[in-house]
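Pasting model-v2.pdb here (PDB, C-alpha atoms):
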```
ATOM      1  CA  MET L   1     -74.285 -24.930 -12.337
ATOM      2  CA  PRO L   2     -73.707 -21.162 -11.838
ATOM      3  CA  GLU L   3     -71.407 -19.442 -14.318
ATOM      4  CA  ASN L   4     -69.043 -18.249 -11.556
ATOM      5  CA  ALA L   5     -68.651 -21.862 -10.385
ATOM      6  CA  ASP L   6     -67.512 -22.829 -13.887
ATOM      7  CA  HIS L   7     -65.063 -19.931 -13.827
ATOM      8  CA  GLN L   8     -63.668 -20.930 -10.443
ATOM      9  CA  GLY L   9     -63.326 -24.539 -11.567
ATOM     10  CA  GLY L  10     -61.449 -23.455 -14.674
ATOM     11  CA  GLU L  11     -59.161 -21.213 -12.639
ATOM     12  CA  TYR L  12     -58.441 -24.087 -10.251
ATOM     13  CA  GLN L  13     -57.462 -26.320 -13.170
ATOM     14  CA  ASP L  14     -55.294 -23.572 -14.649
ATOM     15  CA  ALA L  15     -53.533 -23.104 -11.308
ATOM     16  CA  ASN L  16     -52.857 -26.828 -10.940
ATOM     17  CA  HIS L  17     -51.446 -27.004 -14.452
ATOM     18  CA  LEU L  18     -49.171 -24.036 -13.772
ATOM     19  CA  ILE L  19     -48.001 -25.558 -10.481
ATOM     20  CA  GLU L  20     -46.945 -28.718 -12.315
ATOM     21  CA  ARG L  21     -45.001 -26.634 -14.823
ATOM     22  CA  ILE L  22     -43.395 -24.607 -12.010
ATOM     23  CA  ARG L  23     -42.199 -27.831 -10.378
ATOM     24  CA  GLN L  24     -40.663 -28.751 -13.716
ATOM     25  CA  LYS L  25     -38.631 -25.493 -13.506
ATOM     26  CA  ASP L  26     -40.678 -23.540 -16.064
ATOM     27  CA  ARG L  27     -40.031 -19.894 -15.197
ATOM     28  CA  ASP L  28     -42.765 -18.620 -17.520
ATOM     29  CA  ALA L  29     -45.273 -20.735 -15.576
ATOM     30  CA  LEU L  30     -44.378 -18.861 -12.386
ATOM     31  CA  ALA L  31     -44.956 -15.536 -14.144
ATOM     32  CA  GLU L  32     -48.388 -16.757 -15.308
ATOM     33  CA  PHE L  33     -49.171 -18.106 -11.827
ATOM     34  CA  ILE L  34     -48.298 -14.771 -10.196
ATOM     35  CA  GLU L  35     -50.591 -12.974 -12.627
ATOM     36  CA  LEU L  36     -53.376 -15.505 -12.042
ATOM     37  CA  ARG L  37     -53.076 -15.022  -8.281
ATOM     38  CA  ARG L  38     -52.631 -11.232  -8.454
ATOM     39  CA  PRO L  39     -55.988 -10.449  -6.711
ATOM     40  CA  GLN L  40     -55.293 -12.858  -3.847
ATOM     41  CA  LEU L  41     -51.700 -11.667  -3.440
ATOM     42  CA  LEU L  42     -52.732  -8.004  -3.422
ATOM     43  CA  ALA L  43     -55.408  -8.774  -0.811
ATOM     44  CA  PHE L  44     -52.858 -10.704   1.266
ATOM     45  CA  ILE L  45     -50.372  -7.816   1.121
ATOM     46  CA  ASP L  46     -52.988  -5.147   1.799
ATOM     47  CA  LYS L  47     -54.225  -6.982   4.906
ATOM     48  CA  ARG L  48     -50.719  -7.040   6.367
ATOM     49  CA  LEU L  49     -49.710  -3.432   5.704
ATOM     50  CA  SER L  50     -49.780  -1.356   8.880
ATOM     51  CA  ASP L  51     -51.440   2.072   8.873
ATOM     52  CA  GLN L  52     -47.980   3.619   9.201
ATOM     53  CA  LEU L  53     -46.575   1.772   6.223
ATOM     54  CA  ARG L  54     -49.613   2.574   4.058
ATOM     55  CA  LYS L  55     -48.500   6.211   4.191
ATOM     56  CA  LYS L  56     -45.175   5.240   2.651
ATOM     57  CA  ILE L  57     -45.954   2.469   0.182
ATOM     58  CA  GLU L  58     -48.864   0.777  -1.598
ATOM     59  CA  ALA L  59     -49.744  -2.898  -1.901
ATOM     60  CA  SER L  60     -49.115  -2.704  -5.653
ATOM     61  CA  ASP L  61     -45.522  -1.570  -4.992
ATOM     62  CA  ILE L  62     -44.894  -4.618  -2.815
ATOM     63  CA  PHE L  63     -46.517  -6.818  -5.454
ATOM     64  CA  GLN L  64     -44.271  -5.483  -8.237
ATOM     65  CA  ASP L  65     -41.141  -5.982  -6.137
ATOM     66  CA  LEU L  66     -42.359  -9.451  -5.195
ATOM     67  CA  SER L  67     -42.933 -10.418  -8.815
ATOM     68  CA  MET L  68     -39.507  -9.321 -10.008
ATOM     69  CA  SER L  69     -37.545 -10.757  -7.094
ATOM     70  CA  CYS L  70     -39.347 -14.127  -7.143
ATOM     71  CA  LEU L  71     -38.851 -14.528 -10.866
ATOM     72  CA  GLY L  72     -35.221 -13.541 -10.421
ATOM     73  CA  SER L  73     -34.608 -16.175  -7.745
ATOM     74  CA  PHE L  74     -36.714 -18.874  -9.441
ATOM     75  CA  GLU L  75     -33.798 -21.120 -10.424
ATOM     76  CA  SER L  76     -32.530 -21.377  -6.837
ATOM     77  CA  VAL L  77     -35.872 -22.509  -5.344
ATOM     78  CA  ASP L  78     -36.895 -26.142  -5.022
ATOM     79  CA  PHE L  79     -40.664 -26.309  -5.573
ATOM     80  CA  GLU L  80     -40.944 -30.074  -5.214
ATOM     81  CA  GLY L  81     -43.694 -30.649  -2.644
ATOM     82  CA  ARG L  82     -44.006 -26.899  -2.029
ATOM     83  CA  ASP L  83     -47.132 -24.797  -2.557
ATOM     84  CA  PRO L  84     -46.065 -21.894  -4.837
ATOM     85  CA  PHE L  85     -48.823 -19.617  -3.526
ATOM     86  CA  ARG L  86     -47.776 -20.151   0.087
ATOM     87  CA  TRP L  87     -44.181 -19.474  -0.948
ATOM     88  CA  LEU L  88     -45.232 -16.242  -2.651
ATOM     89  CA  CYS L  89     -47.105 -15.167   0.479
ATOM     90  CA  GLN L  90     -44.020 -15.836   2.591
ATOM     91  CA  GLN L  91     -41.913 -13.773   0.204
ATOM     92  CA  ALA L  92     -44.508 -10.989   0.306
ATOM     93  CA  GLU L  93     -44.355 -10.910   4.103
ATOM     94  CA  ARG L  94     -40.591 -10.649   3.982
ATOM     95  CA  ARG L  95     -40.820  -7.680   1.624
ATOM     96  CA  ILE L  96     -43.302  -6.007   3.946
ATOM     97  CA  ILE L  97     -40.809  -6.565   6.770
ATOM     98  CA  ASP L  98     -38.059  -5.079   4.600
ATOM     99  CA  SER L  99     -40.214  -2.021   3.959
ATOM    100  CA  HIS L 100     -40.871  -1.591   7.675
ATOM    101  CA  ARG L 101     -37.166  -1.908   8.332
ATOM    102  CA  HIS L 102     -36.338   0.651   5.646
ATOM    103  CA  HIS L 103     -38.829   3.257   6.833
ATOM    104  CA  PHE L 104     -39.036   2.623  10.571
ATOM    105  CA  GLY L 105     -36.166   0.243  11.415
ATOM    106  CA  ALA L 106     -34.109   2.392  13.777
ATOM    107  CA  LYS L 107     -37.167   3.581  15.687
ATOM    108  CA  LYS L 108     -38.627   0.076  16.043
ATOM    109  CA  ARG L 109     -35.350  -1.480  17.140
ATOM    110  CA  ALA L 110     -35.052   1.182  19.826
ATOM    111  CA  ALA L 111     -38.597   0.403  20.975
ATOM    112  CA  ASN L 112     -37.775  -3.288  21.159
ATOM    113  CA  ARG L 113     -34.774  -2.557  23.341
ATOM    114  CA  GLU L 114     -36.676  -0.206  25.651
ATOM    115  CA  VAL L 115     -39.955  -2.082  26.095
ATOM    116  CA  GLY L 116     -39.830  -5.653  27.387
ATOM    117  CA  ILE L 117     -42.886  -7.892  27.208
ATOM    118  CA  HIS L 118     -41.227 -10.614  29.269
ATOM    119  CA  GLY L 119     -38.613 -10.628  31.950
ATOM    120  CA  ALA L 120     -35.459 -12.716  31.838
ATOM    121  CA  GLY L 121     -36.155 -14.665  34.988
ATOM    122  CA  PRO L 122     -37.115 -18.292  35.603
ATOM    123  CA  GLY L 123     -40.297 -19.502  33.943
ATOM    124  CA  ASN L 124     -39.884 -17.324  30.869
ATOM    125  CA  GLU L 125     -39.654 -20.164  28.395
ATOM    126  CA  GLY L 126     -39.680 -17.981  25.265
ATOM    127  CA  ALA L 127     -36.969 -15.536  26.310
ATOM    128  CA  GLY L 128     -34.220 -17.541  24.603
ATOM    129  CA  ILE L 129     -35.460 -16.701  21.094
ATOM    130  CA  GLU L 130     -36.826 -13.167  21.600
ATOM    131  CA  ASN L 131     -33.683 -11.408  20.390
ATOM    132  CA  ASP L 132     -33.277 -13.735  17.409
ATOM    133  CA  LEU L 133     -36.947 -13.323  16.492
ATOM    134  CA  ALA L 134     -36.718  -9.530  16.652
ATOM    135  CA  ALA L 135     -33.567  -9.619  14.524
ATOM    136  CA  SER L 136     -35.173 -11.905  11.945
ATOM    137  CA  MET L 137     -38.087  -9.489  11.550
ATOM    138  CA  THR L 138     -35.813  -6.520  10.933
ATOM    139  CA  SER L 139     -33.311  -8.246   8.639
ATOM    140  CA  PRO L 140     -33.400  -7.838   4.846
ATOM    141  CA  SER L 141     -35.046 -10.815   3.157
ATOM    142  CA  ALA L 142     -31.927 -11.223   1.034
ATOM    143  CA  ALA L 143     -30.189 -12.477   4.181
ATOM    144  CA  PHE L 144     -32.631 -15.369   4.575
ATOM    145  CA  SER L 145     -30.981 -18.624   3.583
ATOM    146  CA  ARG L 146     -30.720 -22.131   4.959
ATOM    147  CA  ASN L 147     -27.363 -21.126   6.390
ATOM    148  CA  GLN L 148     -28.862 -18.590   8.786
ATOM    149  CA  LYS L 149     -31.088 -18.762  11.836
ATOM    150  CA  GLU L 150     -33.555 -16.275  10.327
ATOM    151  CA  PHE L 151     -34.625 -18.841   7.743
ATOM    152  CA  PHE L 152     -35.715 -21.350  10.387
ATOM    153  CA  LEU L 153     -37.270 -18.672  12.598
ATOM    154  CA  ALA L 154     -39.402 -17.548   9.656
ATOM    155  CA  GLU L 155     -40.430 -21.148   8.964
ATOM    156  CA  ALA L 156     -41.386 -21.728  12.610
ATOM    157  CA  LEU L 157     -43.334 -18.470  12.677
ATOM    158  CA  GLU L 158     -45.337 -19.553   9.630
ATOM    159  CA  GLN L 159     -46.470 -22.698  11.452
ATOM    160  CA  LEU L 160     -48.186 -20.721  14.222
ATOM    161  CA  PRO L 161     -51.921 -19.859  14.083
ATOM    162  CA  ASP L 162     -52.749 -16.571  12.354
ATOM    163  CA  GLU L 163     -53.565 -14.740  15.590
ATOM    164  CA  ALA L 164     -50.338 -15.805  17.291
ATOM    165  CA  ARG L 165     -48.278 -14.866  14.231
ATOM    166  CA  GLU L 166     -49.961 -11.470  14.026
ATOM    167  CA  ALA L 167     -49.363 -10.755  17.731
ATOM    168  CA  LEU L 168     -45.659 -11.582  17.457
ATOM    169  CA  LYS L 169     -45.270  -9.421  14.365
ATOM    170  CA  LEU L 170     -46.961  -6.470  16.049
ATOM    171  CA  ARG L 171     -44.615  -6.947  18.996
ATOM    172  CA  TYR L 172     -41.304  -7.485  17.242
ATOM    173  CA  LEU L 173     -41.830  -5.779  13.900
ATOM    174  CA  GLN L 174     -43.765  -2.714  15.013
ATOM    175  CA  GLY L 175     -42.507  -2.588  18.598
ATOM    176  CA  MET L 176     -45.982  -2.411  20.153
ATOM    177  CA  GLN L 177     -46.629  -2.934  23.841
ATOM    178  CA  SER L 178     -49.037  -5.659  24.914
ATOM    179  CA  LYS L 179     -51.879  -3.178  25.529
ATOM    180  CA  GLU L 180     -51.578  -1.841  21.979
ATOM    181  CA  ILE L 181     -51.476  -5.368  20.559
ATOM    182  CA  ALA L 182     -54.551  -6.282  22.625
ATOM    183  CA  GLU L 183     -56.497  -3.440  20.986
ATOM    184  CA  GLN L 184     -55.406  -4.590  17.520
ATOM    185  CA  ILE L 185     -56.403  -8.245  17.946
ATOM    186  CA  GLY L 186     -59.453  -7.725  20.182
ATOM    187  CA  LYS L 187     -58.197  -9.389  23.363
ATOM    188  CA  SER L 188     -57.530  -8.253  26.917
ATOM    189  CA  ASP L 189     -54.014  -7.200  27.875
ATOM    190  CA  ALA L 190     -53.664 -10.267  30.110
ATOM    191  CA  ALA L 191     -54.840 -12.633  27.370
ATOM    192  CA  THR L 192     -52.459 -11.001  24.910
ATOM    193  CA  ARG L 193     -49.515 -11.506  27.247
ATOM    194  CA  VAL L 194     -50.441 -15.160  27.593
ATOM    195  CA  LEU L 195     -50.737 -15.461  23.808
ATOM    196  CA  LEU L 196     -47.289 -13.927  23.290
ATOM    197  CA  SER L 197     -45.710 -16.138  25.934
ATOM    198  CA  ARG L 198     -47.299 -19.343  24.620
ATOM    199  CA  SER L 199     -46.427 -18.469  21.032
ATOM    200  CA  LEU L 200     -42.782 -17.929  21.919
ATOM    201  CA  LYS L 201     -42.765 -21.172  23.876
ATOM    202  CA  ARG L 202     -44.260 -23.046  20.902
ATOM    203  CA  MET L 203     -41.615 -21.586  18.580
ATOM    204  CA  GLN L 204     -38.893 -22.581  21.013
ATOM    205  CA  GLU L 205     -40.252 -26.147  21.102
ATOM    206  CA  MET L 206     -40.254 -26.371  17.300
ATOM    207  CA  LEU L 207     -36.755 -24.945  17.026
ATOM    208  CA  SER L 208     -35.391 -27.181  19.780
ATOM    209  CA  GLU L 209     -36.245 -30.150  17.531
ATOM    210  CA  ASN L 210     -34.627 -28.540  14.483
ATOM    211  CA  VAL L 211     -31.087 -29.951  14.246
ATOM    212  CA  ALA L 212     -29.961 -27.425  11.605
ATOM    213  CA  PHE L 213     -31.139 -24.483  13.718
ATOM    214  CA  GLN L 214     -29.500 -25.858  16.865
ATOM    215  CA  THR L 215     -26.242 -26.319  14.942
ATOM    216  CA  LEU L 216     -26.323 -22.695  13.781
ATOM    217  CA  LEU L 217     -27.148 -21.634  17.336
ATOM    218  CA  ALA L 218     -24.128 -23.522  18.665
ATOM    219  CA  GLN L 219     -21.969 -21.909  15.988
ATOM    220  CA  ASN L 220     -23.398 -18.478  16.896
ATOM    221  CA  ARG L 221     -24.413 -17.819  13.264
TER     222      ARG L 221
END
```

Once you've parsed the file, please lay out its structure as structure tokens.
Amino acid sequence: MPENADHQGGEYQDANHLIERIRQKDRDALAEFIELRRPQLLAFIDKRLSDQLRKKIEASDIFQDLSMSCLGSFESVDFEGRDPFRWLCQQAERRIIDSHRHHFGAKKRAANREVGIHGAGPGNEGAGIENDLAASMTSPSAAFSRNQKEFFLAEALEQLPDEAREALKLRYLQGMQSKEIAEQIGKSDAATRVLLSRSLKRMQEMLSENVAFQTLLAQNR
């Protein structure tokens, strides 16, 4: 067996052991797990940084903020049945969103108001969540809790395929028009519009079945 295979097997066992300790509320285990997964987390963050944001901040900065904030909030998180690495990736994405908001928030919100991908007429199934989705992508991650719509929007977004998730983020986080998004993801403008529309519709379907989200919606929270 190749030496690197032995190494990977050992790392896998180490990760599983740490995950068990994390689920037993061992904070030190999370710190060790973050360090073990540092290369993967840095790669994840680097892939999601826009060219604009790279001029303002580095992946290592996001990683350091991620590490401190996740360790700080460890006691309030229920890891039972949850993949810690996936959770860390979700937290990393939220910090990237926060950074975009901090550096480009006002400009991007203006772009979202001025440039509409969809109209508000009949047949636009996703229009009902567009404003909430845009708001969730430009809200500080500290505001995300089970008592707010942003939490469930973020969860629904994570369940979409990578390409759909990326297209929506380019639209609502960076304020890109469909033609610009098409260039980024390698599709035609028409196909990109269809992708955006179907992705919004899929999110709406998921959220329509979410009782907690619908309750918050009714309460206008």

Test item: residues at most 10 Å from range 55-58 of chain L, only C-alpha atoms, excluding those fewer than 2 positions along its chain, as a list in words | Leu42, Ile45, Asp46, Leu49, Ser50, Asp51, Gln52, Leu53, Ser60, Asp61, Ile62, Phe63, Ile96, Ser99, His100 and His103 of chain L

Could you work out how far CA of Asp162 in chain L lies from CA of Ala29 in chain L, giving the answer in Å with one decimal?
-> 29.2 Å

With distances taken over all atoms listed in the file, the candidate from L:Leu30, L:Leu217, L:Met203, L:Leu173 nearest Asp83 in chain L is L:Leu30

Apply the PyMOL selection byres ((chain L and resi 80) around 10) to the displayed file and report the matching residues as a PyMOL selection string.
-> chain L and resi 19-20+22-25+77-79+81-84

For CA of Ala164 in chain L and CA of Gln184 in chain L, the interatomic separation in Å (one decimal) =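 Atom-to-atom, CA of Ala164 in chain L to CA of Gln184 in chain L, that is 12.3 Å.
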
Point-to-point distance in Å for CA of Leu153 in chain L and CA of Arg202 in chain L |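 Spanning CA of Arg202 in chain L to CA of Leu153 in chain L is a straight-line distance of 11.7 Å.
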
For range 205-210 of chain L, please output as a ChimeraX atom specification all residues within 9 Å (counting only C-alpha atoms; exclusion window: fewer than 4 positions along the same chain).
-> /L:152-153,156,200-201,214-215

Quick one: which residues end up in the PyMOL selection byres ((chain L and resi 170) around 12) for this structure, as a compact mmCIF listing (two decimals) with C-alpha atoms, keeping the file's coordinate frame?
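Final output, saved to result04.txt:
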```txt
# COMPACT_ATOMS: atom_id res chain seq x y z
CA ARG L 48 -50.72 -7.04 6.37
CA LEU L 49 -49.71 -3.43 5.70
CA SER L 50 -49.78 -1.36 8.88
CA ILE L 97 -40.81 -6.56 6.77
CA HIS L 100 -40.87 -1.59 7.68
CA LYS L 108 -38.63 0.08 16.04
CA ALA L 111 -38.60 0.40 20.98
CA ASN L 112 -37.78 -3.29 21.16
CA ILE L 117 -42.89 -7.89 27.21
CA ALA L 134 -36.72 -9.53 16.65
CA MET L 137 -38.09 -9.49 11.55
CA GLU L 163 -53.56 -14.74 15.59
CA ALA L 164 -50.34 -15.80 17.29
CA ARG L 165 -48.28 -14.87 14.23
CA GLU L 166 -49.96 -11.47 14.03
CA ALA L 167 -49.36 -10.76 17.73
CA LEU L 168 -45.66 -11.58 17.46
CA LYS L 169 -45.27 -9.42 14.36
CA ARG L 171 -44.62 -6.95 19.00
CA TYR L 172 -41.30 -7.48 17.24
CA LEU L 173 -41.83 -5.78 13.90
CA GLN L 174 -43.76 -2.71 15.01
CA GLY L 175 -42.51 -2.59 18.60
CA MET L 176 -45.98 -2.41 20.15
CA GLN L 177 -46.63 -2.93 23.84
CA SER L 178 -49.04 -5.66 24.91
CA LYS L 179 -51.88 -3.18 25.53
CA GLU L 180 -51.58 -1.84 21.98
CA ILE L 181 -51.48 -5.37 20.56
CA ALA L 182 -54.55 -6.28 22.62
CA GLU L 183 -56.50 -3.44 20.99
CA GLN L 184 -55.41 -4.59 17.52
CA ILE L 185 -56.40 -8.24 17.95
CA THR L 192 -52.46 -11.00 24.91
CA LEU L 196 -47.29 -13.93 23.29
```

Near Ser76 in chain L, counting only C-alpha atoms, which residues have an atom at most 12 Å away, once you skip same-chain residues fewer than 2 positions from it, shown as a PyMOL selection string?
-> chain L and resi 25+27+69-74+78-79+145-146

Hey, can you spit out that residue selection with C-alpha atoms as a compact mmCIF listing (two decimals), in the coordinates of the input?
```txt
# COMPACT_ATOMS: atom_id res chain seq x y z
CA LYS L 25 -38.63 -25.49 -13.51
CA ARG L 27 -40.03 -19.89 -15.20
CA SER L 69 -37.54 -10.76 -7.09
CA CYS L 70 -39.35 -14.13 -7.14
CA LEU L 71 -38.85 -14.53 -10.87
CA GLY L 72 -35.22 -13.54 -10.42
CA SER L 73 -34.61 -16.18 -7.74
CA PHE L 74 -36.71 -18.87 -9.44
CA ASP L 78 -36.90 -26.14 -5.02
CA PHE L 79 -40.66 -26.31 -5.57
CA SER L 145 -30.98 -18.62 3.58
CA ARG L 146 -30.72 -22.13 4.96
```

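Comparing the minimum interatomic distances between Lys47 in chain L and each of L:Leu160, L:Leu195, L:Ala92, L:Ala15, counting only C-alpha atoms, we find that L:Ala92 sits nearest.
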
Nearest-residue call for Glu93 in chain L, choices L:Leu66, L:Arg21, L:Ala31, L:Pro161, using only C-alpha atoms |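 Of L:Leu66, L:Arg21, L:Ala31, L:Pro161, the one nearest Glu93 in chain L, counting only C-alpha atoms, is L:Leu66.
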